[in-house]
Amino acid sequence: MVGCGDALSKWARARYMSNTSIELKPDSDVVRFNIGELPGKTGTSKKGKKKMRRVKMSRKAKLNELRFYRLKAKKKMTSPNPEVRIRYKLEKAKRKEEWLIEKLRKFDIPKAPTEAYDPEILTEEEKFYLKRTGEKKKNYVPVGRRGVFGGVVLNMHLHWKKHETVKVICKPCKVGQVYEYAEELARLSKGIMIDIKPNNTIIFYRGKNYVQPQVMSPPDTLSKSKALEKYRYEQSLEHTSQFIEKLENELEEYHKHLAQYRKQKENQP
């Protein structure tokens, strides 16, 4: 019984130990099992392996690194060489321009597939009548710095609930931008553009068979807050581009001045 207990304990140990092997040894007519360790594997092999941990920078090390970059930038800004100063500003402005372009890509919304609809054909008399009617009426929708977004189209549909025409006043508006607004609003609202005034006012007609849509704010437009955020990025990008152009001109003028100075120096006896 004692021998049987030893065999069972060995079997249990072999069952639950990963580094144990069982071999079959036929001895004449008797089959024997041999319990032992796997060749080439030891219990200390796992202990020898250590995971490489990423060394975290301390707060002091981070501050020292930031201080180093600030001093480096300060040296370039206060350099006696104008070319070094201009090039540093130019590199910084170009990095900002790339960052702004990347930010503006997030606001690009794919246009929804346009639904097939037949635009109404108006006669010249009808257009003249609608133009005069739209000029006399006081209802209007403003398009400000945010540009065309979902709220503008929503307000147009709300005005068309009681009025046939609506004025869209674009202010502030760049040269030629009013035509882009008119085309975009006609696509989104399915209205008919009657006239564009010199004071950047567009008159829209709702149509004879107008039916107010269930969703008055199109899904492929920005919200009010997103439109404002996009406008700010666009303004920043415009100013940055102008600044880059100015720096490039300064650098070009400096190179011309330097070449002229060297030429004069060479010509001197």
# chains A, B, ... in the order shown; residues from 1 in each chain; ligands from 1
$ residues_around --residues "stretch 182-192 of chain A" --least-positions-apart "2" --cutoff "7 Å" --atoms "only C-alpha atoms" --output "list in words"
Val153, Val178, Tyr179, Glu180, Ile194, Ile202, Phe204, Tyr205, Arg206, Gly207 and Pro218 of chain A
$ select_by_dssp --residues "stretch 92-132 of chain A" --states "alpha helix (DSSP H)" --output "PyMOL selection string"
chain A and resi 92-105+124-132
$ residues_around --residues "A:Lys131" --least-positions-apart "2" --cutoff "10 Å" --atoms "only C-alpha atoms" --output "ChimeraX atom specification"
/A:125-129,133-136,165,193-196,203-205
$ atom_distance --atom1 "atom CA of A:His239" --atom2 "atom CA of A:Arg70"
24.5 Å
$ select_by_dssp --residues "stretch 132-189 of chain A" --states "strand (DSSP E)" --output "list in words"
Tyr140, Val141, Pro142, Val143, Thr165, Val166, Lys167, Val168, Ile169 and Cys170 of chain A
$ atom_distance --atom1 "atom CA of A:Arg262" --atom2 "atom CA of A:Ser79"
21.1 Å
$ residues_around --residues "A:Leu104" --least-positions-apart "5" --cutoff "9 Å" --atoms "only C-alpha atoms" --output "JSON, numbers by chain"
{"A": [99, 230, 233, 234]}
